[in-house]
Amino acid sequence: MERVTIRRSAFEDTAAMREVAIRSYYDTFADSNTPENMEAFFTESYNLAKLEEEYYEPLSVLYLACDEEKVVGFLRLRVNDEVKNELGENTIELQRLYIDTAYHGKQIGKHLMEKALIYARENHYDWIWLGVWERNFNAQHFYAKWGFEKFGEHVFQMGDDPQIDWLLKKKL
């Protein structure tokens with residue numbers, strides 16, 4: 001097994017993180033979406049300028065999983081008020097947790113999730129929450145094993161296709 005380490009992201013890691021995001025997202029969702037919607041999503045959400053801007057977003061943090069120097073996965077946590085009415089103001093969103101498909105089954109998701117929970121607890125959040133596509137059964141199973149429970153839904157716009165994300169929460 002590769003020697004994978006988890007570390008805080010540096011700004012210079014943004015392009016490598018973007019490559020993992022696009023590759024992982026494509027491998028996971030291309031069979032269920034049109035090429036046009038995939039391309040629209042990548043252009044909107046994963047263009048380098050947007051990811052560089054997100055790097056400096058206040059109250060957000062990125063951690064990378066690296067096989068030596070190669071970025072093979074990452075997680076992004078951020079604070080926003082989307083679920084304030086349901087969970088209160090002291091929440092953090094696990095916005096992204098992506099692993100390069102070639103590294104699935106190597107415990108990287110486990111290590112990234114542990115890092116997310118440690119960060120959230122050390123920073124005294126009451127809840128960690130996330131959105132997961134209603135048809136992404138593998139991810140739903142992964143989050144359920146970590147104690148996340150469904151508490152709502154929202155629309156996730158995938159190009160011209162409004163999709164339903166389940167909102168999952170975990171008390172910290």
# chains A, B, ... in the order shown; residues from 1 in each chain; ligands from 1
$ select_by_dssp --residues "stretch 87-164 of chain A" --states "helix (DSSP H, G or I)" --output "CSV table (one decimal) with all heavy atoms, in the first residue's frame"
chain,number,residue,atom,x,y,z
A,87,LEU,N,-30.2,23.5,12.1
A,87,LEU,CA,-29.1,23.0,13.0
A,87,LEU,C,-28.5,24.1,13.9
A,87,LEU,O,-27.7,23.8,14.7
A,87,LEU,CB,-28.0,22.3,12.2
A,87,LEU,CG,-28.4,21.1,11.4
A,87,LEU,CD1,-27.1,20.5,10.7
A,87,LEU,CD2,-29.0,20.0,12.2
A,101,THR,N,-9.9,7.8,-7.9
A,101,THR,CA,-10.5,6.4,-8.1
A,101,THR,C,-9.4,5.4,-7.9
A,101,THR,O,-9.7,4.3,-7.4
A,101,THR,CB,-11.2,6.3,-9.4
A,101,THR,OG1,-12.1,7.4,-9.5
A,101,THR,CG2,-12.0,5.0,-9.5
A,102,ALA,N,-8.2,5.6,-8.4
A,102,ALA,CA,-7.1,4.6,-8.3
A,102,ALA,C,-6.7,4.3,-6.9
A,102,ALA,O,-6.1,3.3,-6.6
A,102,ALA,CB,-5.9,5.1,-9.1
A,103,TYR,N,-7.2,5.2,-5.9
A,103,TYR,CA,-6.8,5.0,-4.5
A,103,TYR,C,-8.0,4.6,-3.7
A,103,TYR,O,-7.9,4.5,-2.4
A,103,TYR,CB,-6.2,6.3,-4.0
A,103,TYR,CG,-4.8,6.5,-4.5
A,103,TYR,CD1,-4.6,7.0,-5.8
A,103,TYR,CD2,-3.7,6.2,-3.7
A,103,TYR,CE1,-3.3,7.2,-6.2
A,103,TYR,CE2,-2.4,6.4,-4.2
A,103,TYR,CZ,-2.2,6.9,-5.4
A,103,TYR,OH,-0.9,7.0,-5.9
A,108,ILE,N,-8.1,5.9,2.6
A,108,ILE,CA,-7.9,7.4,2.5
A,108,ILE,C,-9.2,8.1,2.9
A,108,ILE,O,-9.1,9.1,3.7
A,108,ILE,CB,-7.5,7.8,1.1
A,108,ILE,CG1,-6.1,7.1,0.8
A,108,ILE,CG2,-7.4,9.3,0.9
A,108,ILE,CD1,-5.7,7.2,-0.6
A,109,GLY,N,-10.4,7.6,2.5
A,109,GLY,CA,-11.6,8.3,3.0
A,109,GLY,C,-11.7,8.3,4.5
A,109,GLY,O,-12.1,9.3,5.1
A,110,LYS,N,-11.3,7.2,5.1
A,110,LYS,CA,-11.3,7.1,6.6
A,110,LYS,C,-10.4,8.1,7.2
A,110,LYS,O,-10.8,8.8,8.1
A,110,LYS,CB,-10.9,5.6,7.0
A,110,LYS,CG,-10.7,5.4,8.5
A,110,LYS,CD,-10.1,4.0,8.7
A,110,LYS,CE,-9.9,3.8,10.2
A,110,LYS,NZ,-8.6,4.3,10.7
A,111,HIS,N,-9.2,8.2,6.7
A,111,HIS,CA,-8.3,9.2,7.2
A,111,HIS,C,-8.7,10.6,7.0
A,111,HIS,O,-8.6,11.5,7.9
A,111,HIS,CB,-6.9,9.0,6.7
A,111,HIS,CG,-6.3,7.6,7.1
A,111,HIS,ND1,-6.1,7.2,8.4
A,111,HIS,CD2,-5.9,6.6,6.3
A,111,HIS,CE1,-5.6,6.0,8.4
A,111,HIS,NE2,-5.4,5.6,7.2
A,112,LEU,N,-9.3,10.9,5.9
A,112,LEU,CA,-9.8,12.3,5.6
A,112,LEU,C,-11.0,12.6,6.5
A,112,LEU,O,-11.1,13.7,7.1
A,112,LEU,CB,-10.2,12.5,4.2
A,112,LEU,CG,-9.0,12.6,3.2
A,112,LEU,CD1,-9.5,12.6,1.8
A,112,LEU,CD2,-8.2,13.9,3.5
A,113,MET,N,-11.9,11.6,6.7
A,113,MET,CA,-13.0,11.8,7.6
A,113,MET,C,-12.6,12.0,9.0
A,113,MET,O,-13.1,12.9,9.7
A,113,MET,CB,-14.0,10.7,7.5
A,113,MET,CG,-15.2,10.8,8.4
A,113,MET,SD,-16.2,12.3,8.0
A,113,MET,CE,-17.1,11.7,6.6
A,114,GLU,N,-11.6,11.2,9.5
A,114,GLU,CA,-11.1,11.4,10.8
A,114,GLU,C,-10.5,12.9,11.0
A,114,GLU,O,-10.8,13.5,12.0
A,114,GLU,CB,-10.0,10.4,11.1
A,114,GLU,CG,-10.5,9.0,11.3
A,114,GLU,CD,-9.4,8.0,11.4
A,114,GLU,OE1,-8.3,8.2,11.0
A,114,GLU,OE2,-9.7,6.8,11.9
A,115,LYS,N,-9.8,13.3,10.0
A,115,LYS,CA,-9.3,14.7,10.0
A,115,LYS,C,-10.4,15.7,10.1
A,115,LYS,O,-10.3,16.7,10.9
A,115,LYS,CB,-8.4,14.9,8.8
A,115,LYS,CG,-7.7,16.3,8.8
A,115,LYS,CD,-6.9,16.7,10.0
A,115,LYS,CE,-5.6,16.1,10.0
A,115,LYS,NZ,-4.7,16.6,11.1
A,116,ALA,N,-11.4,15.5,9.3
A,116,ALA,CA,-12.6,16.5,9.3
A,116,ALA,C,-13.2,16.5,10.7
A,116,ALA,O,-13.5,17.6,11.2
A,116,ALA,CB,-13.6,16.1,8.3
A,117,LEU,N,-13.4,15.4,11.3
A,117,LEU,CA,-14.1,15.3,12.6
A,117,LEU,C,-13.2,15.9,13.7
A,117,LEU,O,-13.7,16.6,14.6
A,117,LEU,CB,-14.5,13.9,12.9
A,117,LEU,CG,-15.6,13.3,12.0
A,117,LEU,CD1,-15.8,11.8,12.3
A,117,LEU,CD2,-16.9,14.1,12.1
A,118,ILE,N,-11.9,15.7,13.6
A,118,ILE,CA,-11.0,16.2,14.6
A,118,ILE,C,-11.0,17.8,14.5
A,118,ILE,O,-11.1,18.5,15.5
A,118,ILE,CB,-9.5,15.7,14.4
A,118,ILE,CG1,-9.5,14.2,14.9
A,118,ILE,CG2,-8.5,16.6,15.1
A,118,ILE,CD1,-8.2,13.5,14.4
A,119,TYR,N,-10.9,18.3,13.3
A,119,TYR,CA,-11.0,19.7,13.0
A,119,TYR,C,-12.2,20.3,13.6
A,119,TYR,O,-12.2,21.3,14.3
A,119,TYR,CB,-10.8,20.0,11.6
A,119,TYR,CG,-10.8,21.5,11.3
A,119,TYR,CD1,-9.7,22.3,11.3
A,119,TYR,CD2,-12.0,22.2,11.0
A,119,TYR,CE1,-9.7,23.6,11.1
A,119,TYR,CE2,-12.1,23.6,10.8
A,119,TYR,CZ,-10.9,24.3,10.8
A,119,TYR,OH,-10.9,25.6,10.6
A,120,ALA,N,-13.4,19.7,13.3
A,120,ALA,CA,-14.7,20.2,13.7
A,120,ALA,C,-14.8,20.2,15.2
A,120,ALA,O,-15.3,21.2,15.8
A,120,ALA,CB,-15.8,19.4,13.1
A,121,ARG,N,-14.3,19.2,15.9
A,121,ARG,CA,-14.4,19.1,17.3
A,121,ARG,C,-13.4,20.1,18.0
A,121,ARG,O,-13.8,20.7,19.0
A,121,ARG,CB,-14.1,17.7,17.8
A,121,ARG,CG,-15.3,16.7,17.5
A,121,ARG,CD,-15.0,15.3,18.0
A,121,ARG,NE,-16.2,14.5,17.8
A,121,ARG,CZ,-16.1,13.4,17.0
A,121,ARG,NH1,-15.0,13.0,16.4
A,121,ARG,NH2,-17.2,12.7,16.8
A,122,GLU,N,-12.2,20.2,17.5
A,122,GLU,CA,-11.2,21.1,18.0
A,122,GLU,C,-11.7,22.5,17.9
A,122,GLU,O,-11.3,23.4,18.7
A,122,GLU,CB,-9.9,20.9,17.4
A,122,GLU,CG,-9.2,19.6,17.8
A,122,GLU,CD,-7.8,19.5,17.1
A,122,GLU,OE1,-7.5,20.2,16.1
A,122,GLU,OE2,-7.1,18.6,17.6
A,137,PHE,N,-25.1,6.1,-3.9
A,137,PHE,CA,-25.3,5.1,-2.8
A,137,PHE,C,-24.1,4.7,-2.1
A,137,PHE,O,-24.1,4.5,-0.8
A,137,PHE,CB,-26.0,3.8,-3.3
A,137,PHE,CG,-27.3,4.2,-4.1
A,137,PHE,CD1,-27.4,4.0,-5.4
A,137,PHE,CD2,-28.4,4.7,-3.4
A,137,PHE,CE1,-28.6,4.3,-6.1
A,137,PHE,CE2,-29.6,5.1,-4.1
A,137,PHE,CZ,-29.7,4.8,-5.4
A,138,ASN,N,-22.9,4.7,-2.8
A,138,ASN,CA,-21.7,4.4,-2.1
A,138,ASN,C,-21.3,5.4,-1.1
A,138,ASN,O,-20.9,5.1,0.1
A,138,ASN,CB,-20.5,4.2,-3.1
A,138,ASN,CG,-20.6,3.0,-3.9
A,138,ASN,OD1,-21.3,2.0,-3.5
A,138,ASN,ND2,-20.0,2.9,-5.1
A,139,ALA,N,-21.5,6.7,-1.4
A,139,ALA,CA,-21.2,7.8,-0.5
A,139,ALA,C,-22.1,7.8,0.7
A,139,ALA,O,-21.7,7.9,1.8
A,139,ALA,CB,-21.2,9.1,-1.2
A,140,GLN,N,-23.4,7.5,0.4
A,140,GLN,CA,-24.4,7.5,1.5
A,140,GLN,C,-24.0,6.4,2.5
A,140,GLN,O,-24.1,6.6,3.7
A,140,GLN,CB,-25.8,7.2,0.9
A,140,GLN,CG,-26.4,8.4,0.1
A,140,GLN,CD,-27.6,8.0,-0.6
A,140,GLN,OE1,-28.3,7.0,-0.2
A,140,GLN,NE2,-27.9,8.7,-1.7
A,141,HIS,N,-23.6,5.2,2.0
A,141,HIS,CA,-23.2,4.1,2.9
A,141,HIS,C,-22.0,4.5,3.7
A,141,HIS,O,-22.0,4.3,4.9
A,141,HIS,CB,-23.0,2.9,2.0
A,141,HIS,CG,-22.5,1.7,2.8
A,141,HIS,ND1,-23.4,1.0,3.6
A,141,HIS,CD2,-21.3,1.1,3.0
A,141,HIS,CE1,-22.8,0.0,4.2
A,141,HIS,NE2,-21.5,0.1,3.8
A,142,PHE,N,-21.0,5.2,3.1
A,142,PHE,CA,-19.8,5.6,3.8
A,142,PHE,C,-20.2,6.6,4.9
A,142,PHE,O,-19.8,6.4,6.1
A,142,PHE,CB,-18.9,6.3,2.8
A,142,PHE,CG,-17.7,6.9,3.4
A,142,PHE,CD1,-16.6,6.2,3.8
A,142,PHE,CD2,-17.6,8.3,3.6
A,142,PHE,CE1,-15.5,6.8,4.4
A,142,PHE,CE2,-16.5,8.9,4.2
A,142,PHE,CZ,-15.4,8.1,4.6
A,143,TYR,N,-21.0,7.6,4.6
A,143,TYR,CA,-21.4,8.5,5.6
A,143,TYR,C,-22.3,7.9,6.7
A,143,TYR,O,-22.1,8.3,7.9
A,143,TYR,CB,-22.1,9.7,5.0
A,143,TYR,CG,-21.2,10.5,4.1
A,143,TYR,CD1,-21.6,10.8,2.8
A,143,TYR,CD2,-20.0,11.0,4.5
A,143,TYR,CE1,-20.7,11.5,1.9
A,143,TYR,CE2,-19.1,11.7,3.7
A,143,TYR,CZ,-19.5,11.9,2.4
A,143,TYR,OH,-18.7,12.6,1.5
A,144,ALA,N,-23.1,7.0,6.4
A,144,ALA,CA,-23.9,6.3,7.4
A,144,ALA,C,-23.0,5.6,8.4
A,144,ALA,O,-23.3,5.6,9.6
A,144,ALA,CB,-24.9,5.4,6.8
A,145,LYS,N,-22.0,5.0,7.9
A,145,LYS,CA,-21.0,4.2,8.8
A,145,LYS,C,-20.4,5.2,9.8
A,145,LYS,O,-20.0,4.8,10.9
A,145,LYS,CB,-20.0,3.5,8.0
A,145,LYS,CG,-20.5,2.3,7.3
A,145,LYS,CD,-19.4,1.4,6.7
A,145,LYS,CE,-18.2,2.0,6.2
A,145,LYS,NZ,-17.3,1.1,5.5
$ residues_around --residues "A:Ala30" --least-positions-apart "5" --cutoff "12 Å" --atoms "only C-alpha atoms" --output "ChimeraX atom specification"
/A:22-25,35-39,41-42,158
$ write_last_selection --atoms "all heavy atoms" --output "mmCIF file, in the first residue's frame"
data_model
loop_
_atom_site.group_PDB
_atom_site.id
_atom_site.type_symbol
_atom_site.label_atom_id
_atom_site.label_comp_id
_atom_site.auth_asym_id
_atom_site.auth_seq_id
_atom_site.Cartn_x
_atom_site.Cartn_y
_atom_site.Cartn_z
ATOM 1 N N ILE A 22 -11.762 16.829 -10.570
ATOM 2 C CA ILE A 22 -12.364 16.555 -11.878
ATOM 3 C C ILE A 22 -12.323 15.065 -12.191
ATOM 4 O O ILE A 22 -13.328 14.482 -12.608
ATOM 5 C CB ILE A 22 -11.680 17.389 -12.978
ATOM 6 C CG1 ILE A 22 -12.054 18.868 -12.794
ATOM 7 C CG2 ILE A 22 -12.061 16.887 -14.369
ATOM 8 C CD1 ILE A 22 -11.304 19.818 -13.701
ATOM 9 N N ARG A 23 -11.188 14.426 -11.975
ATOM 10 C CA ARG A 23 -11.059 12.995 -12.273
ATOM 11 C C ARG A 23 -12.014 12.172 -11.407
ATOM 12 O O ARG A 23 -12.734 11.300 -11.900
ATOM 13 C CB ARG A 23 -9.606 12.556 -12.072
ATOM 14 C CG ARG A 23 -9.273 11.204 -12.620
ATOM 15 C CD ARG A 23 -7.787 10.918 -12.675
ATOM 16 N NE ARG A 23 -7.031 11.346 -11.496
ATOM 17 C CZ ARG A 23 -6.181 12.380 -11.478
ATOM 18 N NH1 ARG A 23 -5.978 13.111 -12.569
ATOM 19 N NH2 ARG A 23 -5.529 12.693 -10.381
ATOM 20 N N SER A 24 -12.051 12.466 -10.122
ATOM 21 C CA SER A 24 -12.914 11.728 -9.208
ATOM 22 C C SER A 24 -14.384 11.955 -9.537
ATOM 23 O O SER A 24 -15.179 11.008 -9.564
ATOM 24 C CB SER A 24 -12.621 12.168 -7.771
ATOM 25 O OG SER A 24 -13.536 11.605 -6.884
ATOM 26 N N TYR A 25 -14.748 13.197 -9.780
ATOM 27 C CA TYR A 25 -16.133 13.529 -10.087
ATOM 28 C C TYR A 25 -16.563 12.860 -11.394
ATOM 29 O O TYR A 25 -17.650 12.293 -11.488
ATOM 30 C CB TYR A 25 -16.297 15.048 -10.179
ATOM 31 C CG TYR A 25 -17.698 15.508 -9.897
ATOM 32 C CD1 TYR A 25 -18.102 15.824 -8.612
ATOM 33 C CD2 TYR A 25 -18.627 15.623 -10.924
ATOM 34 C CE1 TYR A 25 -19.388 16.243 -8.346
ATOM 35 C CE2 TYR A 25 -19.907 16.040 -10.669
ATOM 36 C CZ TYR A 25 -20.282 16.350 -9.379
ATOM 37 O OH TYR A 25 -21.564 16.763 -9.130
ATOM 38 N N PRO A 35 -22.584 14.538 -21.040
ATOM 39 C CA PRO A 35 -21.280 15.203 -21.156
ATOM 40 C C PRO A 35 -21.407 16.729 -21.051
ATOM 41 O O PRO A 35 -20.541 17.384 -20.464
ATOM 42 C CB PRO A 35 -20.782 14.786 -22.535
ATOM 43 C CG PRO A 35 -21.484 13.495 -22.823
ATOM 44 C CD PRO A 35 -22.827 13.619 -22.166
ATOM 45 N N GLU A 36 -22.491 17.277 -21.588
ATOM 46 C CA GLU A 36 -22.691 18.725 -21.537
ATOM 47 C C GLU A 36 -22.867 19.212 -20.097
ATOM 48 O O GLU A 36 -22.314 20.243 -19.714
ATOM 49 C CB GLU A 36 -23.913 19.128 -22.377
ATOM 50 C CG GLU A 36 -23.767 18.858 -23.868
ATOM 51 C CD GLU A 36 -24.018 17.397 -24.265
ATOM 52 O OE1 GLU A 36 -24.558 16.609 -23.442
ATOM 53 O OE2 GLU A 36 -23.663 17.030 -25.404
ATOM 54 N N ASN A 37 -23.638 18.460 -19.307
ATOM 55 C CA ASN A 37 -23.836 18.856 -17.913
ATOM 56 C C ASN A 37 -22.564 18.679 -17.095
ATOM 57 O O ASN A 37 -22.280 19.481 -16.196
ATOM 58 C CB ASN A 37 -25.003 18.099 -17.287
ATOM 59 C CG ASN A 37 -26.331 18.660 -17.719
ATOM 60 O OD1 ASN A 37 -26.428 19.796 -18.169
ATOM 61 N ND2 ASN A 37 -27.376 17.871 -17.596
ATOM 62 N N MET A 38 -21.807 17.642 -17.387
ATOM 63 C CA MET A 38 -20.531 17.457 -16.694
ATOM 64 C C MET A 38 -19.599 18.633 -17.004
ATOM 65 O O MET A 38 -18.998 19.209 -16.094
ATOM 66 C CB MET A 38 -19.877 16.129 -17.103
ATOM 67 C CG MET A 38 -20.623 14.887 -16.660
ATOM 68 S SD MET A 38 -20.603 14.611 -14.868
ATOM 69 C CE MET A 38 -18.891 14.134 -14.618
ATOM 70 N N GLU A 39 -19.493 18.976 -18.285
ATOM 71 C CA GLU A 39 -18.606 20.073 -18.677
ATOM 72 C C GLU A 39 -19.064 21.397 -18.074
ATOM 73 O O GLU A 39 -18.248 22.186 -17.595
ATOM 74 C CB GLU A 39 -18.519 20.178 -20.200
ATOM 75 C CG GLU A 39 -17.495 21.183 -20.685
ATOM 76 C CD GLU A 39 -16.084 20.907 -20.175
ATOM 77 O OE1 GLU A 39 -15.678 19.738 -20.083
ATOM 78 O OE2 GLU A 39 -15.377 21.886 -19.856
ATOM 79 N N PHE A 41 -20.686 21.793 -15.297
ATOM 80 C CA PHE A 41 -20.361 21.753 -13.870
ATOM 81 C C PHE A 41 -18.879 22.036 -13.646
ATOM 82 O O PHE A 41 -18.504 22.824 -12.772
ATOM 83 C CB PHE A 41 -20.758 20.414 -13.259
ATOM 84 C CG PHE A 41 -20.408 20.301 -11.808
ATOM 85 C CD1 PHE A 41 -21.161 20.956 -10.847
ATOM 86 C CD2 PHE A 41 -19.299 19.577 -11.404
ATOM 87 C CE1 PHE A 41 -20.826 20.888 -9.497
ATOM 88 C CE2 PHE A 41 -18.959 19.495 -10.066
ATOM 89 C CZ PHE A 41 -19.722 20.150 -9.113
ATOM 90 N N PHE A 42 -18.013 21.397 -14.422
ATOM 91 C CA PHE A 42 -16.578 21.616 -14.260
ATOM 92 C C PHE A 42 -16.213 23.079 -14.530
ATOM 93 O O PHE A 42 -15.407 23.668 -13.808
ATOM 94 C CB PHE A 42 -15.771 20.699 -15.170
ATOM 95 C CG PHE A 42 -15.873 19.243 -14.824
ATOM 96 C CD1 PHE A 42 -15.771 18.289 -15.816
ATOM 97 C CD2 PHE A 42 -16.073 18.820 -13.527
ATOM 98 C CE1 PHE A 42 -15.860 16.926 -15.515
ATOM 99 C CE2 PHE A 42 -16.167 17.472 -13.209
ATOM 100 C CZ PHE A 42 -16.057 16.528 -14.218
ATOM 101 N N MET A 158 -26.799 20.614 -11.660
ATOM 102 C CA MET A 158 -25.776 19.940 -12.461
ATOM 103 C C MET A 158 -26.006 20.339 -13.912
ATOM 104 O O MET A 158 -26.790 19.706 -14.618
ATOM 105 C CB MET A 158 -25.889 18.431 -12.265
ATOM 106 C CG MET A 158 -24.902 17.644 -13.070
ATOM 107 S SD MET A 158 -23.232 18.024 -12.577
ATOM 108 C CE MET A 158 -22.527 16.433 -12.711
#
$ atom_distance --atom1 "atom CA of A:Thr28" --atom2 "atom CA of A:Val155"
18.7 Å
$ atom_distance --atom1 "atom CA of A:Ser32" --atom2 "atom CA of A:Ile164"
13.3 Å
$ closest_residue --among "A:Trp166, A:Ala10, A:Gln107, A:Arg78" --to "A:Asn90" --atoms "only C-alpha atoms"
A:Arg78
$ residues_around --residues "A:Glu93" --least-positions-apart "5" --cutoff "9 Å" --atoms "only C-alpha atoms" --output "tab-separated table (two decimals) with all heavy atoms, in the first residue's frame"
chain	number	residue	atom	x	y	z
A	76	ARG	N	-12.71	19.47	1.93
A	76	ARG	CA	-12.90	20.91	2.15
A	76	ARG	C	-14.02	21.09	3.16
A	76	ARG	O	-15.11	20.54	3.00
A	76	ARG	CB	-13.26	21.63	0.86
A	76	ARG	CG	-13.44	23.14	1.07
A	76	ARG	CD	-13.57	23.89	-0.26
A	76	ARG	NE	-13.39	25.30	-0.04
A	76	ARG	CZ	-14.38	26.19	0.05
A	76	ARG	NH1	-15.63	25.81	-0.07
A	76	ARG	NH2	-14.12	27.46	0.26
A	77	LEU	N	-13.71	21.83	4.20
A	77	LEU	CA	-14.68	22.20	5.22
A	77	LEU	C	-14.92	23.70	5.11
A	77	LEU	O	-13.98	24.45	4.82
A	77	LEU	CB	-14.14	21.88	6.62
A	77	LEU	CG	-13.86	20.42	6.91
A	77	LEU	CD1	-12.96	20.28	8.12
A	77	LEU	CD2	-15.17	19.68	7.13
A	78	ARG	N	-16.16	24.13	5.35
A	78	ARG	CA	-16.45	25.55	5.32
A	78	ARG	C	-17.65	25.87	6.20
A	78	ARG	O	-18.48	25.01	6.47
A	78	ARG	CB	-16.71	26.04	3.90
A	78	ARG	CG	-18.01	25.53	3.31
A	78	ARG	CD	-18.22	26.04	1.92
A	78	ARG	NE	-19.54	25.63	1.45
A	78	ARG	CZ	-20.24	26.27	0.56
A	78	ARG	NH1	-19.76	27.36	0.01
A	78	ARG	NH2	-21.42	25.84	0.19
A	79	VAL	N	-17.71	27.11	6.61
A	79	VAL	CA	-18.82	27.59	7.41
A	79	VAL	C	-19.72	28.42	6.50
A	79	VAL	O	-19.24	29.26	5.74
A	79	VAL	CB	-18.33	28.44	8.60
A	79	VAL	CG1	-19.50	29.07	9.33
A	79	VAL	CG2	-17.51	27.58	9.54
A	80	ASN	N	-21.01	28.13	6.54
A	80	ASN	CA	-22.00	28.95	5.85
A	80	ASN	C	-23.30	28.85	6.64
A	80	ASN	O	-23.39	28.11	7.61
A	80	ASN	CB	-22.16	28.54	4.38
A	80	ASN	CG	-22.69	27.13	4.22
A	80	ASN	OD1	-23.67	26.76	4.85
A	80	ASN	ND2	-22.05	26.34	3.38
A	127	TRP	N	-22.34	20.76	15.05
A	127	TRP	CA	-22.74	19.81	13.99
A	127	TRP	C	-21.77	19.90	12.82
A	127	TRP	O	-21.26	20.97	12.50
A	127	TRP	CB	-24.13	20.17	13.44
A	127	TRP	CG	-25.25	20.02	14.39
A	127	TRP	CD1	-25.80	20.99	15.19
A	127	TRP	CD2	-26.02	18.83	14.64
A	127	TRP	NE1	-26.84	20.48	15.92
A	127	TRP	CE2	-27.00	19.15	15.59
A	127	TRP	CE3	-25.96	17.52	14.15
A	127	TRP	CZ2	-27.91	18.23	16.06
A	127	TRP	CZ3	-26.87	16.60	14.61
A	127	TRP	CH2	-27.83	16.95	15.55
A	128	ILE	N	-21.58	18.76	12.16
A	128	ILE	CA	-20.95	18.72	10.84
A	128	ILE	C	-22.03	18.19	9.91
A	128	ILE	O	-22.80	17.30	10.29
A	128	ILE	CB	-19.67	17.87	10.82
A	128	ILE	CG1	-18.97	17.99	9.46
A	128	ILE	CG2	-19.94	16.43	11.22
A	128	ILE	CD1	-17.54	17.41	9.46
A	129	TRP	N	-22.12	18.76	8.73
A	129	TRP	CA	-23.17	18.36	7.79
A	129	TRP	C	-22.62	18.36	6.37
A	129	TRP	O	-21.54	18.89	6.11
A	129	TRP	CB	-24.39	19.28	7.92
A	129	TRP	CG	-24.16	20.68	7.42
A	129	TRP	CD1	-23.59	21.71	8.10
A	129	TRP	CD2	-24.48	21.17	6.13
A	129	TRP	NE1	-23.54	22.83	7.31
A	129	TRP	CE2	-24.08	22.53	6.09
A	129	TRP	CE3	-25.06	20.62	4.99
A	129	TRP	CZ2	-24.24	23.33	4.96
A	129	TRP	CZ3	-25.23	21.42	3.86
A	129	TRP	CH2	-24.82	22.75	3.86
A	130	LEU	N	-23.37	17.75	5.47
A	130	LEU	CA	-22.96	17.67	4.08
A	130	LEU	C	-24.17	17.40	3.20
A	130	LEU	O	-25.24	17.03	3.67
A	130	LEU	CB	-21.91	16.56	3.90
A	130	LEU	CG	-22.34	15.15	4.30
A	130	LEU	CD1	-22.87	14.36	3.10
A	130	LEU	CD2	-21.19	14.42	4.94
A	131	GLY	N	-23.96	17.58	1.90
A	131	GLY	CA	-24.95	17.21	0.90
A	131	GLY	C	-24.38	16.08	0.06
A	131	GLY	O	-23.22	16.10	-0.32
$ atom_distance --atom1 "atom CA of A:Thr91" --atom2 "atom CA of A:Leu168"
12.2 Å
$ select_by_dssp --residues "stretch 78-134 of chain A" --states "strand (DSSP E or B)" --output "ChimeraX atom specification"
/A:78,91-99,127-133
$ write_last_selection --atoms "C-alpha atoms" --output "short mmCIF file (atom, residue, chain, number, x, y, z; two decimals), in the first residue's frame"
data_model
loop_
_atom_site.label_atom_id
_atom_site.label_comp_id
_atom_site.auth_asym_id
_atom_site.auth_seq_id
_atom_site.Cartn_x
_atom_site.Cartn_y
_atom_site.Cartn_z
CA ARG A 78 -16.45 25.55 5.32
CA THR A 91 -22.17 24.23 12.12
CA ILE A 92 -19.48 23.34 9.62
CA GLU A 93 -20.09 21.84 6.19
CA LEU A 94 -18.05 18.99 4.79
CA GLN A 95 -18.37 20.43 1.31
CA ARG A 96 -16.05 18.04 -0.51
CA LEU A 97 -14.38 14.73 0.21
CA TYR A 98 -12.87 13.32 -2.98
CA ILE A 99 -10.44 10.49 -3.54
CA TRP A 127 -22.74 19.81 13.99
CA ILE A 128 -20.95 18.72 10.84
CA TRP A 129 -23.17 18.36 7.79
CA LEU A 130 -22.96 17.67 4.08
CA GLY A 131 -24.95 17.21 0.90
CA VAL A 132 -24.81 13.95 -1.06
CA TRP A 133 -26.61 13.11 -4.28
#
$ residues_around --residues "A:Ala16" --least-positions-apart "3" --cutoff "12 Å" --atoms "only C-alpha atoms" --output "ChimeraX atom specification"
/A:9-13,19-23,46,48,51-52,64-66,69-74,100
